[in-house]
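Pasting target_25.pdb here (PDB, C-alpha atoms):
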```
ATOM      1  CA  MET G 287     178.924  73.690-125.839  1.00  0.00           C
ATOM      2  CA  ALA G 288     175.353  74.036-127.107  1.00  0.00           C
ATOM      3  CA  GLY G 289     173.246  70.988-127.977  1.00  0.00           C
ATOM      4  CA  TYR G 290     172.249  72.494-131.315  1.00  0.00           C
ATOM      5  CA  ARG G 291     173.405  74.975-133.960  1.00  0.00           C
ATOM      6  CA  LYS G 292     172.071  78.510-133.624  1.00  0.00           C
ATOM      7  CA  LEU G 293     172.390  79.263-137.359  1.00  0.00           C
ATOM      8  CA  GLY G 294     172.776  83.001-136.700  1.00  0.00           C
ATOM      9  CA  ARG G 295     169.080  83.486-135.949  1.00  0.00           C
ATOM     10  CA  THR G 296     166.789  84.175-133.012  1.00  0.00           C
ATOM     11  CA  SER G 297     165.010  81.178-131.531  1.00  0.00           C
ATOM     12  CA  SER G 298     161.679  81.897-133.235  1.00  0.00           C
ATOM     13  CA  GLN G 299     163.321  82.446-136.642  1.00  0.00           C
ATOM     14  CA  ARG G 300     165.400  79.290-136.221  1.00  0.00           C
ATOM     15  CA  LYS G 301     162.368  77.215-135.243  1.00  0.00           C
ATOM     16  CA  ALA G 302     160.367  78.505-138.238  1.00  0.00           C
ATOM     17  CA  LEU G 303     163.266  77.861-140.644  1.00  0.00           C
ATOM     18  CA  LEU G 304     163.793  74.292-139.429  1.00  0.00           C
ATOM     19  CA  ARG G 305     160.034  73.515-139.436  1.00  0.00           C
ATOM     20  CA  ASN G 306     159.774  74.798-143.011  1.00  0.00           C
ATOM     21  CA  GLN G 307     162.767  72.838-144.252  1.00  0.00           C
ATOM     22  CA  VAL G 308     161.765  69.588-142.495  1.00  0.00           C
ATOM     23  CA  THR G 309     158.252  69.878-143.950  1.00  0.00           C
ATOM     24  CA  ASN G 310     159.656  70.425-147.449  1.00  0.00           C
ATOM     25  CA  LEU G 311     162.128  67.550-147.076  1.00  0.00           C
ATOM     26  CA  LEU G 312     159.332  65.133-146.139  1.00  0.00           C
ATOM     27  CA  TYR G 313     157.000  66.464-148.853  1.00  0.00           C
ATOM     28  CA  HIS G 314     159.475  66.614-151.761  1.00  0.00           C
ATOM     29  CA  GLY G 315     161.950  63.908-150.666  1.00  0.00           C
ATOM     30  CA  LYS G 316     165.033  66.112-151.089  1.00  0.00           C
ATOM     31  CA  ILE G 317     166.122  69.742-150.688  1.00  0.00           C
ATOM     32  CA  VAL G 318     169.282  71.790-151.248  1.00  0.00           C
ATOM     33  CA  THR G 319     170.552  73.798-148.271  1.00  0.00           C
ATOM     34  CA  THR G 320     173.739  74.586-146.343  1.00  0.00           C
ATOM     35  CA  GLU G 321     175.622  71.920-144.443  1.00  0.00           C
ATOM     36  CA  ALA G 322     174.902  73.299-140.959  1.00  0.00           C
ATOM     37  CA  LYS G 323     171.158  73.561-141.653  1.00  0.00           C
ATOM     38  CA  ALA G 324     171.105  70.071-143.155  1.00  0.00           C
ATOM     39  CA  LYS G 325     172.647  68.542-140.041  1.00  0.00           C
ATOM     40  CA  GLU G 326     169.958  70.179-137.878  1.00  0.00           C
ATOM     41  CA  ILE G 327     167.188  69.149-140.288  1.00  0.00           C
ATOM     42  CA  ARG G 328     168.459  65.569-140.220  1.00  0.00           C
ATOM     43  CA  LYS G 329     167.987  65.318-136.429  1.00  0.00           C
ATOM     44  CA  ILE G 330     164.380  66.456-136.578  1.00  0.00           C
ATOM     45  CA  ALA G 331     163.394  64.515-139.717  1.00  0.00           C
ATOM     46  CA  GLU G 332     164.865  61.232-138.513  1.00  0.00           C
ATOM     47  CA  GLY G 333     163.016  61.576-135.213  1.00  0.00           C
ATOM     48  CA  LEU G 334     159.710  62.114-137.020  1.00  0.00           C
ATOM     49  CA  ILE G 335     160.284  59.177-139.370  1.00  0.00           C
ATOM     50  CA  ALA G 336     161.205  56.907-136.446  1.00  0.00           C
ATOM     51  CA  LEU G 337     157.982  57.974-134.704  1.00  0.00           C
ATOM     52  CA  ALA G 338     155.962  57.205-137.855  1.00  0.00           C
ATOM     53  CA  VAL G 339     157.624  53.795-138.285  1.00  0.00           C
ATOM     54  CA  ARG G 340     156.825  52.883-134.679  1.00  0.00           C
ATOM     55  CA  GLU G 341     153.129  53.830-134.997  1.00  0.00           C
ATOM     56  CA  LYS G 342     152.379  53.048-138.669  1.00  0.00           C
ATOM     57  CA  ASP G 343     150.048  50.063-138.026  1.00  0.00           C
ATOM     58  CA  ASN G 344     148.481  51.334-134.810  1.00  0.00           C
ATOM     59  CA  PHE G 345     144.941  52.103-136.015  1.00  0.00           C
ATOM     60  CA  GLU G 346     141.601  50.399-136.491  1.00  0.00           C
ATOM     61  CA  THR G 347     139.197  50.718-139.402  1.00  0.00           C
ATOM     62  CA  VAL G 348     135.652  51.655-138.444  1.00  0.00           C
ATOM     63  CA  THR G 349     132.519  51.692-140.626  1.00  0.00           C
ATOM     64  CA  VAL G 350     130.477  54.862-140.146  1.00  0.00           C
ATOM     65  CA  THR G 351     127.158  55.956-141.662  1.00  0.00           C
ATOM     66  CA  ALA G 352     127.115  59.592-142.727  1.00  0.00           C
ATOM     67  CA  LYS G 353     124.502  61.900-144.223  1.00  0.00           C
ATOM     68  CA  VAL G 354     125.657  63.330-147.541  1.00  0.00           C
ATOM     69  CA  ALA G 355     123.788  65.913-149.620  1.00  0.00           C
ATOM     70  CA  ARG G 356     122.474  64.536-152.918  1.00  0.00           C
ATOM     71  CA  LYS G 357     123.913  66.396-155.926  1.00  0.00           C
ATOM     72  CA  ASP G 358     122.765  66.794-159.516  1.00  0.00           C
ATOM     73  CA  LYS G 359     124.869  66.472-162.673  1.00  0.00           C
ATOM     74  CA  ASP G 360     126.276  70.014-162.227  1.00  0.00           C
ATOM     75  CA  GLY G 361     127.450  69.279-158.677  1.00  0.00           C
ATOM     76  CA  LYS G 362     124.784  71.427-157.013  1.00  0.00           C
ATOM     77  CA  ARG G 363     122.662  70.237-154.104  1.00  0.00           C
ATOM     78  CA  VAL G 364     119.224  68.825-154.907  1.00  0.00           C
ATOM     79  CA  LYS G 365     116.427  70.740-153.150  1.00  0.00           C
ATOM     80  CA  GLU G 366     112.906  69.538-152.408  1.00  0.00           C
ATOM     81  CA  VAL G 367     109.880  71.579-151.340  1.00  0.00           C
ATOM     82  CA  VAL G 368     108.551  70.473-147.924  1.00  0.00           C
ATOM     83  CA  ASP G 369     105.823  72.526-146.192  1.00  0.00           C
ATOM     84  CA  GLY G 370     106.485  75.472-148.500  1.00  0.00           C
ATOM     85  CA  LYS G 371     110.246  75.545-147.778  1.00  0.00           C
ATOM     86  CA  LYS G 372     113.152  74.378-149.930  1.00  0.00           C
ATOM     87  CA  VAL G 373     115.045  71.651-148.095  1.00  0.00           C
ATOM     88  CA  THR G 374     118.239  69.856-149.175  1.00  0.00           C
ATOM     89  CA  VAL G 375     117.855  66.111-149.810  1.00  0.00           C
ATOM     90  CA  PHE G 376     120.322  63.901-147.909  1.00  0.00           C
ATOM     91  CA  ASP G 377     121.389  60.295-148.548  1.00  0.00           C
ATOM     92  CA  GLU G 378     122.904  57.964-145.944  1.00  0.00           C
ATOM     93  CA  VAL G 379     126.271  56.558-147.020  1.00  0.00           C
ATOM     94  CA  GLU G 380     128.509  54.038-145.261  1.00  0.00           C
ATOM     95  CA  LYS G 381     132.192  54.967-145.114  1.00  0.00           C
ATOM     96  CA  THR G 382     135.209  53.189-143.681  1.00  0.00           C
ATOM     97  CA  VAL G 383     137.570  55.464-141.772  1.00  0.00           C
ATOM     98  CA  LYS G 384     140.889  54.926-139.996  1.00  0.00           C
ATOM     99  CA  LYS G 385     140.605  55.597-136.287  1.00  0.00           C
ATOM    100  CA  ASP G 386     143.943  56.240-134.582  1.00  0.00           C
ATOM    101  CA  ASN G 387     144.693  54.432-131.340  1.00  0.00           C
ATOM    102  CA  PRO G 388     145.769  56.743-128.488  1.00  0.00           C
ATOM    103  CA  SER G 389     149.527  56.297-128.985  1.00  0.00           C
ATOM    104  CA  ARG G 390     149.281  56.974-132.747  1.00  0.00           C
ATOM    105  CA  LEU G 391     147.130  60.032-132.090  1.00  0.00           C
ATOM    106  CA  HIS G 392     149.784  61.306-129.673  1.00  0.00           C
ATOM    107  CA  ALA G 393     152.478  60.652-132.308  1.00  0.00           C
ATOM    108  CA  ARG G 394     150.428  62.549-134.922  1.00  0.00           C
ATOM    109  CA  ARG G 395     150.092  65.537-132.579  1.00  0.00           C
ATOM    110  CA  GLN G 396     153.837  65.473-131.870  1.00  0.00           C
ATOM    111  CA  MET G 397     154.455  65.571-135.639  1.00  0.00           C
ATOM    112  CA  LEU G 398     151.999  68.426-136.155  1.00  0.00           C
ATOM    113  CA  LYS G 399     153.963  70.488-133.592  1.00  0.00           C
ATOM    114  CA  VAL G 400     156.873  70.427-136.057  1.00  0.00           C
ATOM    115  CA  LEU G 401     155.267  70.202-139.513  1.00  0.00           C
ATOM    116  CA  TYR G 402     153.585  73.034-141.414  1.00  0.00           C
ATOM    117  CA  ASP G 403     150.475  72.647-143.599  1.00  0.00           C
ATOM    118  CA  ILE G 404     151.206  72.462-147.325  1.00  0.00           C
ATOM    119  CA  THR G 405     148.767  73.860-149.870  1.00  0.00           C
ATOM    120  CA  GLU G 406     149.100  72.151-153.233  1.00  0.00           C
ATOM    121  CA  VAL G 407     148.206  74.315-156.242  1.00  0.00           C
ATOM    122  CA  PRO G 408     147.623  72.713-159.666  1.00  0.00           C
ATOM    123  CA  SER G 409     149.928  74.147-162.356  1.00  0.00           C
ATOM    124  CA  GLU G 410     147.088  75.387-164.600  1.00  0.00           C
ATOM    125  CA  ASN G 411     145.565  77.416-161.722  1.00  0.00           C
ATOM    126  CA  SER G 412     148.788  79.126-160.624  1.00  0.00           C
ATOM    127  CA  GLY G 413     148.049  82.128-158.435  1.00  0.00           C
ATOM    128  CA  LYS G 414     144.385  81.213-157.925  1.00  0.00           C
ATOM    129  CA  LYS G 415     142.622  79.694-154.952  1.00  0.00           C
ATOM    130  CA  ASN G 416     140.408  77.415-157.093  1.00  0.00           C
ATOM    131  CA  GLY G 417     141.460  73.772-157.094  1.00  0.00           C
ATOM    132  CA  THR G 418     143.937  74.065-154.231  1.00  0.00           C
ATOM    133  CA  LYS G 419     144.094  71.299-151.668  1.00  0.00           C
ATOM    134  CA  THR G 420     145.817  70.939-148.331  1.00  0.00           C
ATOM    135  CA  VAL G 421     148.286  68.061-147.997  1.00  0.00           C
ATOM    136  CA  ASP G 422     148.499  66.303-144.637  1.00  0.00           C
ATOM    137  CA  VAL G 423     152.249  65.645-144.285  1.00  0.00           C
ATOM    138  CA  ALA G 424     151.715  63.631-141.069  1.00  0.00           C
ATOM    139  CA  GLN G 425     149.383  61.284-142.985  1.00  0.00           C
ATOM    140  CA  LYS G 426     151.991  61.021-145.752  1.00  0.00           C
ATOM    141  CA  LEU G 427     154.553  60.052-143.102  1.00  0.00           C
ATOM    142  CA  PHE G 428     152.331  57.234-141.821  1.00  0.00           C
ATOM    143  CA  ASP G 429     151.071  55.970-145.215  1.00  0.00           C
ATOM    144  CA  GLU G 430     154.005  56.390-147.623  1.00  0.00           C
ATOM    145  CA  ILE G 431     157.280  57.057-145.818  1.00  0.00           C
ATOM    146  CA  ALA G 432     156.992  54.764-142.757  1.00  0.00           C
ATOM    147  CA  PRO G 433     156.260  51.510-144.678  1.00  0.00           C
ATOM    148  CA  LYS G 434     159.330  52.190-146.836  1.00  0.00           C
ATOM    149  CA  TYR G 435     161.584  52.298-143.747  1.00  0.00           C
ATOM    150  CA  ALA G 436     159.845  49.633-141.614  1.00  0.00           C
ATOM    151  CA  ASP G 437     162.791  47.202-141.728  1.00  0.00           C
ATOM    152  CA  ARG G 438     165.493  49.874-141.340  1.00  0.00           C
ATOM    153  CA  ASN G 439     167.000  50.917-137.997  1.00  0.00           C
ATOM    154  CA  GLY G 440     167.703  54.620-138.415  1.00  0.00           C
ATOM    155  CA  GLY G 441     169.702  56.369-141.117  1.00  0.00           C
ATOM    156  CA  TYR G 442     166.671  57.559-143.081  1.00  0.00           C
ATOM    157  CA  THR G 443     168.384  60.588-144.629  1.00  0.00           C
ATOM    158  CA  ARG G 444     171.534  61.138-146.700  1.00  0.00           C
ATOM    159  CA  ILE G 445     173.605  64.311-146.988  1.00  0.00           C
ATOM    160  CA  VAL G 446     175.583  64.744-150.236  1.00  0.00           C
ATOM    161  CA  LYS G 447     177.983  67.675-150.587  1.00  0.00           C
ATOM    162  CA  ILE G 448     177.473  69.745-153.743  1.00  0.00           C
ATOM    163  CA  GLY G 449     180.155  72.385-153.325  1.00  0.00           C
ATOM    164  CA  PRO G 450     180.569  75.990-152.199  1.00  0.00           C
ATOM    165  CA  ARG G 451     177.807  78.487-152.965  1.00  0.00           C
ATOM    166  CA  LYS G 452     178.783  81.277-155.361  1.00  0.00           C
ATOM    167  CA  GLY G 453     177.766  84.268-153.226  1.00  0.00           C
ATOM    168  CA  ASP G 454     179.284  83.513-149.821  1.00  0.00           C
ATOM    169  CA  ALA G 455     181.161  80.219-150.359  1.00  0.00           C
ATOM    170  CA  ALA G 456     178.960  78.384-147.838  1.00  0.00           C
ATOM    171  CA  MET G 457     179.089  74.617-148.369  1.00  0.00           C
ATOM    172  CA  GLU G 458     175.866  73.558-150.105  1.00  0.00           C
ATOM    173  CA  VAL G 459     174.513  70.036-149.662  1.00  0.00           C
ATOM    174  CA  LEU G 460     171.642  67.919-150.928  1.00  0.00           C
ATOM    175  CA  ILE G 461     169.700  66.270-148.100  1.00  0.00           C
ATOM    176  CA  GLU G 462     167.410  63.483-149.244  1.00  0.00           C
ATOM    177  CA  LEU G 463     165.411  60.571-147.929  1.00  0.00           C
ATOM    178  CA  VAL G 464     167.316  57.329-148.575  1.00  0.00           C
TER     179      VAL G 464
END
```
This entry written out as structure tokens:
Amino acid sequence: MAGYRKLGRTSSQRKALLRNQVTNLLYHGKIVTTEAKAKEIRKIAEGLIALAVREKDNFETVTVTAKVARKDKDGKRVKEVVDGKKVTVFDEVEKTVKKDNPSRLHARRQMLKVLYDITEVPSENSGKKNGTKTVDVAQKLFDEIAPKYADRNGGYTRIVKIGPRKGDAAMEVLIELV
């Protein structure tokens, strides 16, 4: 007996499907899919959440000075003439950043092996590249999802049966984060 469901797909298709659905589950909080897929998604998602819970506080905050280009009221860089050349004016700014400890960095890289990047598009700019931003799902796992489940030992997802699908009568379920 196999250790996993093959879902009627080749290994690369299956891996892509599961990565996509796990990413969407963690981003949206719930998805509708078939029962067999949901049971496979649950294994992967619960492992990632457990990893995030274990490493959620394993970082240090560091103060860093960075050079940032000065900008005018329109958001364009301020230029200054020095020795006959236009040069951008920079200001030094202090920022606090989270620096991952080695075990948290390893956990983040393990998560990124499974999760896809999500590009968030504002509703008024549908179909355009302007205003899009990339969402770091691994960071969302550490910052939002892991603190919610810190005192819970497993069982981070719930599968609720909806009923048979109209086209092929496959059992549809709702898988959601508890």
**Q.** Matched chain/residue IDs from the PyMOL selection byres ((chain G and resi 386) around 7), as a VMD selection string
**A.** chain G and resid 344 to 346 384 to 385 387 to 388 390 to 391
Q: With the file shown as input, list the residues that the PyMOL selection byres ((chain G and resi 446-453) around 12) selects, as a PyMOL selection string.
A: chain G and resi 316-322+324-325+443-445+454-464
Q.
Give me, as a ChimeraX atom specification, all polymer residues having an atom no more than 9 Å from Lys342 of chain G, counting all atoms listed in the file and skipping those fewer than 5 positions away in the same chain.
A. /G:337,390,427-429,432-433,436
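When only C-alpha atoms are used to measure the gap to Glu406 of chain G, the shortest distance among G:Arg328, G:His314, G:His392, G:Lys292 belongs to G:His314.
Those residues returned by the PyMOL selection byres ((chain G and resi 364) around 9) for this file are G:Ala355, G:Arg356, G:Lys357, G:Asp358, G:Lys362, G:Arg363, G:Lys365, G:Glu366, G:Val373, G:Thr374, G:Val375, G:Phe376.
Going from atom CA of Asn439 of chain G to atom CA of Val339 of chain G covers 9.8 Å.
Residue nearest Asp422 of chain G, chosen from G:Thr405, G:Thr349, G:Thr296, G:Ser389 and counting only C-alpha atoms: G:Thr405.
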